[in-house]
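As provided, data21.cif (mmCIF, C-alpha atoms) reads as follows.
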```
data_work
loop_
_atom_site.group_PDB
_atom_site.id
_atom_site.type_symbol
_atom_site.label_atom_id
_atom_site.label_comp_id
_atom_site.auth_asym_id
_atom_site.auth_seq_id
_atom_site.Cartn_x
_atom_site.Cartn_y
_atom_site.Cartn_z
ATOM 1 C CA MET A 1 128.682 176.032 85.314
ATOM 2 C CA ALA A 2 131.243 174.124 87.398
ATOM 3 C CA PHE A 3 133.675 177.034 87.178
ATOM 4 C CA SER A 4 130.924 179.453 88.229
ATOM 5 C CA ARG A 5 130.339 177.281 91.271
ATOM 6 C CA LEU A 6 134.024 177.436 92.107
ATOM 7 C CA VAL A 7 134.058 181.206 91.820
ATOM 8 C CA ILE A 8 131.002 181.622 94.026
ATOM 9 C CA VAL A 9 132.526 179.349 96.632
ATOM 10 C CA MET A 10 135.804 181.300 96.538
ATOM 11 C CA LEU A 11 133.859 184.485 97.189
ATOM 12 C CA LEU A 12 131.924 182.854 100.027
ATOM 13 C CA ILE A 13 135.172 181.610 101.505
ATOM 14 C CA HIS A 14 136.590 185.133 101.323
ATOM 15 C CA ALA A 15 133.504 186.469 103.057
ATOM 16 C CA ALA A 16 133.983 183.864 105.764
ATOM 17 C CA GLY A 17 137.633 184.828 106.112
ATOM 18 C CA VAL A 18 139.034 181.466 105.028
ATOM 19 C CA LEU A 19 140.704 182.157 101.699
ATOM 20 C CA GLY A 20 141.855 185.557 102.862
ATOM 21 C CA ALA A 21 142.943 184.172 106.214
ATOM 22 C CA GLU A 22 146.510 183.876 107.370
ATOM 23 C CA VAL A 23 148.659 181.198 105.812
ATOM 24 C CA ARG A 24 148.557 178.145 108.057
ATOM 25 C CA SER A 25 151.443 175.747 108.576
ATOM 26 C CA SER A 26 149.618 172.952 106.776
ATOM 27 C CA ILE A 27 146.539 172.333 104.668
ATOM 28 C CA ILE A 28 144.506 169.345 105.874
ATOM 29 C CA GLY A 29 143.616 167.168 102.909
ATOM 30 C CA GLY A 30 145.351 169.552 100.538
ATOM 31 C CA GLY A 31 147.546 168.866 97.576
ATOM 32 C CA ASP A 32 149.828 170.874 95.325
ATOM 33 C CA ALA A 33 147.623 172.970 93.067
ATOM 34 C CA GLY A 34 150.069 172.955 90.180
ATOM 35 C CA LYS A 35 151.525 175.990 88.448
ATOM 36 C CA GLY A 36 148.822 178.041 86.734
ATOM 37 C CA ARG A 37 145.923 176.040 88.203
ATOM 38 C CA TRP A 38 144.481 179.065 90.055
ATOM 39 C CA PRO A 39 145.682 182.159 88.148
ATOM 40 C CA GLN A 40 143.192 184.393 89.988
ATOM 41 C CA MET A 41 144.940 183.754 93.329
ATOM 42 C CA ALA A 42 147.142 186.454 94.813
ATOM 43 C CA PHE A 43 149.172 186.698 98.000
ATOM 44 C CA LEU A 44 149.226 189.580 100.497
ATOM 45 C CA LYS A 45 152.354 190.169 102.561
ATOM 46 C CA ALA A 46 151.648 192.798 105.227
ATOM 47 C CA ILE A 47 154.579 194.365 107.092
ATOM 48 C CA THR A 48 154.713 196.880 109.950
ATOM 49 C CA ALA A 49 156.644 200.132 109.533
ATOM 50 C CA ASP A 50 159.534 198.838 111.660
ATOM 51 C CA GLY A 51 159.652 195.588 109.671
ATOM 52 C CA VAL A 52 159.388 193.522 112.861
ATOM 53 C CA HIS A 53 155.934 192.039 112.274
ATOM 54 C CA LYS A 54 155.032 190.300 109.011
ATOM 55 C CA TRP A 55 151.931 188.285 108.250
ATOM 56 C CA LEU A 56 150.590 186.603 105.160
ATOM 57 C CA CYS A 57 147.124 186.290 103.648
ATOM 58 C CA GLY A 58 145.467 185.032 100.508
ATOM 59 C CA ALA A 59 143.736 187.316 98.022
ATOM 60 C CA THR A 60 141.830 187.117 94.736
ATOM 61 C CA ILE A 61 142.365 189.247 91.609
ATOM 62 C CA LEU A 62 139.152 191.110 90.712
ATOM 63 C CA ASN A 63 140.515 193.241 87.856
ATOM 64 C CA SER A 64 143.727 195.012 86.843
ATOM 65 C CA GLU A 65 143.599 197.408 89.817
ATOM 66 C CA TRP A 66 141.760 195.623 92.639
ATOM 67 C CA VAL A 67 142.144 192.460 94.715
ATOM 68 C CA LEU A 68 139.870 190.994 97.381
ATOM 69 C CA THR A 69 141.045 189.704 100.768
ATOM 70 C CA ALA A 70 139.895 189.378 104.383
ATOM 71 C CA ALA A 71 139.604 192.602 106.397
ATOM 72 C CA HIS A 72 141.294 191.038 109.444
ATOM 73 C CA CYS A 73 144.499 190.674 107.410
ATOM 74 C CA TRP A 74 145.185 194.364 107.892
ATOM 75 C CA ASP A 75 144.397 194.699 111.595
ATOM 76 C CA LYS A 76 146.286 191.639 112.873
ATOM 77 C CA HIS A 77 149.120 193.793 114.204
ATOM 78 C CA PRO A 78 149.153 197.512 114.926
ATOM 79 C CA ASN A 79 150.269 199.880 112.206
ATOM 80 C CA PRO A 80 150.734 197.826 109.060
ATOM 81 C CA ASP A 81 152.747 199.937 106.636
ATOM 82 C CA ILE A 82 150.995 200.333 103.303
ATOM 83 C CA HIS A 83 154.315 201.352 101.695
ATOM 84 C CA ARG A 84 156.188 198.216 102.793
ATOM 85 C CA SER A 85 153.361 195.721 102.259
ATOM 86 C CA MET A 86 152.722 194.152 98.859
ATOM 87 C CA VAL A 87 150.551 191.845 96.784
ATOM 88 C CA TRP A 88 152.118 189.053 94.741
ATOM 89 C CA VAL A 89 150.443 187.787 91.560
ATOM 90 C CA GLY A 90 151.383 185.048 89.112
ATOM 91 C CA THR A 91 153.218 182.899 91.606
ATOM 92 C CA HIS A 92 152.936 179.263 92.570
ATOM 93 C CA GLU A 93 155.704 178.843 95.150
ATOM 94 C CA LEU A 94 156.322 181.672 97.565
ATOM 95 C CA LYS A 95 159.923 180.630 98.196
ATOM 96 C CA LYS A 96 160.803 181.279 94.553
ATOM 97 C CA ALA A 97 161.100 184.745 93.053
ATOM 98 C CA SER A 98 158.566 183.958 90.348
ATOM 99 C CA ALA A 99 155.923 186.472 91.350
ATOM 100 C CA ARG A 100 155.178 189.978 90.198
ATOM 101 C CA TYR A 101 155.021 192.305 93.161
ATOM 102 C CA HIS A 102 152.517 195.144 93.405
ATOM 103 C CA GLY A 103 152.529 197.968 95.907
ATOM 104 C CA ILE A 104 149.340 198.860 97.766
ATOM 105 C CA LEU A 105 147.680 202.224 97.222
ATOM 106 C CA HIS A 106 144.620 201.709 99.467
ATOM 107 C CA PHE A 107 143.288 199.026 101.812
ATOM 108 C CA ILE A 108 139.511 199.371 102.192
ATOM 109 C CA PRO A 109 137.774 197.094 104.726
ATOM 110 C CA HIS A 110 134.007 196.559 104.689
ATOM 111 C CA SER A 111 132.375 199.525 106.443
ATOM 112 C CA GLU A 112 130.735 197.183 108.970
ATOM 113 C CA TYR A 113 133.732 194.909 109.589
ATOM 114 C CA LYS A 114 134.095 193.868 113.244
ATOM 115 C CA ALA A 115 136.540 191.606 115.067
ATOM 116 C CA LEU A 116 134.647 189.654 117.726
ATOM 117 C CA ASN A 117 135.652 187.025 120.292
ATOM 118 C CA THR A 118 133.818 184.421 118.196
ATOM 119 C CA GLY A 119 135.274 185.452 114.826
ATOM 120 C CA PHE A 120 134.749 188.269 112.363
ATOM 121 C CA GLN A 121 131.723 190.007 110.880
ATOM 122 C CA ASN A 122 131.848 191.316 107.307
ATOM 123 C CA ASP A 123 135.442 190.102 107.061
ATOM 124 C CA ILE A 124 136.121 191.308 103.548
ATOM 125 C CA ALA A 125 138.282 194.084 102.118
ATOM 126 C CA LEU A 126 139.424 195.568 98.835
ATOM 127 C CA ILE A 127 143.006 196.443 97.990
ATOM 128 C CA LYS A 128 143.724 199.020 95.286
ATOM 129 C CA LEU A 129 147.094 198.377 93.694
ATOM 130 C CA LYS A 130 149.623 201.088 92.814
ATOM 131 C CA LYS A 131 150.093 199.771 89.286
ATOM 132 C CA LYS A 132 147.881 197.726 87.008
ATOM 133 C CA VAL A 133 148.234 193.963 86.856
ATOM 134 C CA ARG A 134 149.346 192.588 83.486
ATOM 135 C CA PHE A 135 147.429 189.445 82.606
ATOM 136 C CA ASN A 136 148.768 186.247 81.032
ATOM 137 C CA GLY A 137 148.301 182.500 81.470
ATOM 138 C CA LEU A 138 149.442 182.683 85.114
ATOM 139 C CA VAL A 139 147.571 185.878 86.058
ATOM 140 C CA LYS A 140 143.829 186.191 85.437
ATOM 141 C CA THR A 141 140.775 187.742 87.049
ATOM 142 C CA VAL A 142 138.233 185.715 88.969
ATOM 143 C CA THR A 143 134.893 185.222 87.229
ATOM 144 C CA LEU A 144 132.201 186.738 89.407
ATOM 145 C CA PRO A 145 128.788 185.055 89.655
ATOM 146 C CA GLY A 146 125.731 186.544 88.029
ATOM 147 C CA PRO A 147 122.611 187.454 90.000
ATOM 148 C CA ASP A 148 120.856 184.273 88.842
ATOM 149 C CA ASP A 149 123.691 181.854 89.684
ATOM 150 C CA ILE A 150 122.635 179.471 92.438
ATOM 151 C CA ILE A 151 124.773 176.758 94.013
ATOM 152 C CA PRO A 152 122.640 173.947 95.375
ATOM 153 C CA PRO A 153 123.767 172.427 98.699
ATOM 154 C CA SER A 154 125.987 169.324 98.320
ATOM 155 C CA SER A 155 127.570 170.651 95.105
ATOM 156 C CA GLU A 156 131.218 169.711 94.647
ATOM 157 C CA CYS A 157 133.644 172.609 94.643
ATOM 158 C CA TRP A 158 137.318 173.433 95.238
ATOM 159 C CA ILE A 159 139.006 175.408 98.004
ATOM 160 C CA ALA A 160 142.312 177.027 97.084
ATOM 161 C CA GLY A 161 144.786 178.829 99.321
ATOM 162 C CA TRP A 162 148.408 179.046 100.447
ATOM 163 C CA GLY A 163 150.181 176.688 102.832
ATOM 164 C CA ASN A 164 152.261 173.569 103.263
ATOM 165 C CA ILE A 165 150.818 170.236 102.240
ATOM 166 C CA GLY A 166 153.353 168.148 104.155
ATOM 167 C CA ALA A 167 153.213 167.634 107.920
ATOM 168 C CA ASN A 168 157.006 167.864 108.287
ATOM 169 C CA SER A 169 157.477 171.088 106.357
ATOM 170 C CA LYS A 170 159.382 173.724 108.339
ATOM 171 C CA SER A 171 158.315 176.854 106.470
ATOM 172 C CA CYS A 172 154.889 178.448 106.350
ATOM 173 C CA MET A 173 155.613 179.826 102.889
ATOM 174 C CA ALA A 174 154.706 177.124 100.399
ATOM 175 C CA SER A 175 152.956 176.478 97.129
ATOM 176 C CA SER A 176 149.380 177.179 96.292
ATOM 177 C CA THR A 177 147.277 174.277 97.479
ATOM 178 C CA HIS A 178 143.767 173.080 96.891
ATOM 179 C CA CYS A 179 141.333 170.415 97.973
ATOM 180 C CA GLU A 180 137.905 169.259 96.920
ATOM 181 C CA ALA A 181 134.994 170.151 99.182
ATOM 182 C CA THR A 182 131.223 170.117 99.262
ATOM 183 C CA TYR A 183 129.251 173.346 99.280
ATOM 184 C CA GLN A 184 126.794 173.636 102.164
ATOM 185 C CA SER A 185 123.926 176.002 102.682
ATOM 186 C CA HIS A 186 124.628 179.051 104.841
ATOM 187 C CA GLN A 187 122.388 177.653 107.580
ATOM 188 C CA THR A 188 124.220 174.290 107.649
ATOM 189 C CA ALA A 189 127.651 175.940 107.730
ATOM 190 C CA TYR A 190 126.561 178.310 110.517
ATOM 191 C CA ARG A 191 125.131 175.437 112.586
ATOM 192 C CA GLN A 192 128.368 173.438 112.206
ATOM 193 C CA HIS A 193 130.420 176.506 113.167
ATOM 194 C CA ILE A 194 128.348 176.971 116.357
ATOM 195 C CA GLU A 195 128.729 173.261 117.196
ATOM 196 C CA MET A 196 132.522 173.574 116.859
ATOM 197 C CA LEU A 197 132.584 176.534 119.245
ATOM 198 C CA ASN A 198 130.607 174.692 121.933
#
```

Rewrite the structure of this file - the entire thing - as structure tokens.
Amino acid sequence: MAFSRLVIVMLLIHAAGVLGAEVRSSIIGGGDAGKGRWPQMAFLKAITADGVHKWLCGATILNSEWVLTAAHCWDKHPNPDIHRSMVWVGTHELKKASARYHGILHFIPHSEYKALNTGFQNDIALIKLKKKVRFNGLVKTVTLPGPDDIIPPSSECWIAGWGNIGANSKSCMASSTHCEATYQSHQTAYRQHIEMLN
């Protein structure tokens, strides 16, 4: 049940654009996730055709051909090149060549995705990979919730993503990180988001 809660929260975070969001320079309250701790995590490196602009986002492995990420990861800069961009799986530290790289066949944002001044609506997208992912102890699919799975507010959960855990780190490419959090109802999270904006 605890793992189901984690999975549901990861999906909610994706929908909110947090897990699929750009890699930040540091993770507040985060710690090293440890190799193999989150084998369903993937990493999207988007690159423009001229190679000048590069940006990084988190993703989640759904099955051998599809990963989930935030829709805004593809429209951050004009003209991301699907042939130069890639998804990494099975990695823990982005500075090390320990990942398996997968080319992108299609990037499919939610049909009602919108970038607004206050954030994003329907900020979720699917990526179809050029070749199938091979699974092992470091590469696994996320377990999706069933229709009857309910997470009560105040449940403990984990947030996992990519970023530096040290304040003095000079590179934005770091290990997978995680921190413990408390799940809140949609209404509570929305109210807190509005309060932050005001």

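For the pair atom CA of A:Cys157 and atom CA of A:Glu93, the interatomic distance is 22.9 Å.
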
- request: Using the chain letters and residue numbers of this document, give as an MDAnalysis selection string the residues selected by the PyMOL selection byres ((chain A and resi 86) around 9).
  value: chainID A and resid 43:47 82:85 87:88 101:104 129

message: Suppose a student applies the PyMOL selection byres ((chain A and resi 48-65) around 8) to this structure; what residues should they get, written as number ranges by chain?
response: A: 19-23, 40-47, 66-70, 73, 77-81, 84-85, 128-135, 140-142, 161-162

query: Taking the file as shown, what set of residues would the PyMOL selection byres ((chain A and resi 125) around 8) give back, as a count of residues only?
result: 12

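Between atom CA of A:Gly36 and atom CA of A:His92 the separation is 7.2 Å.
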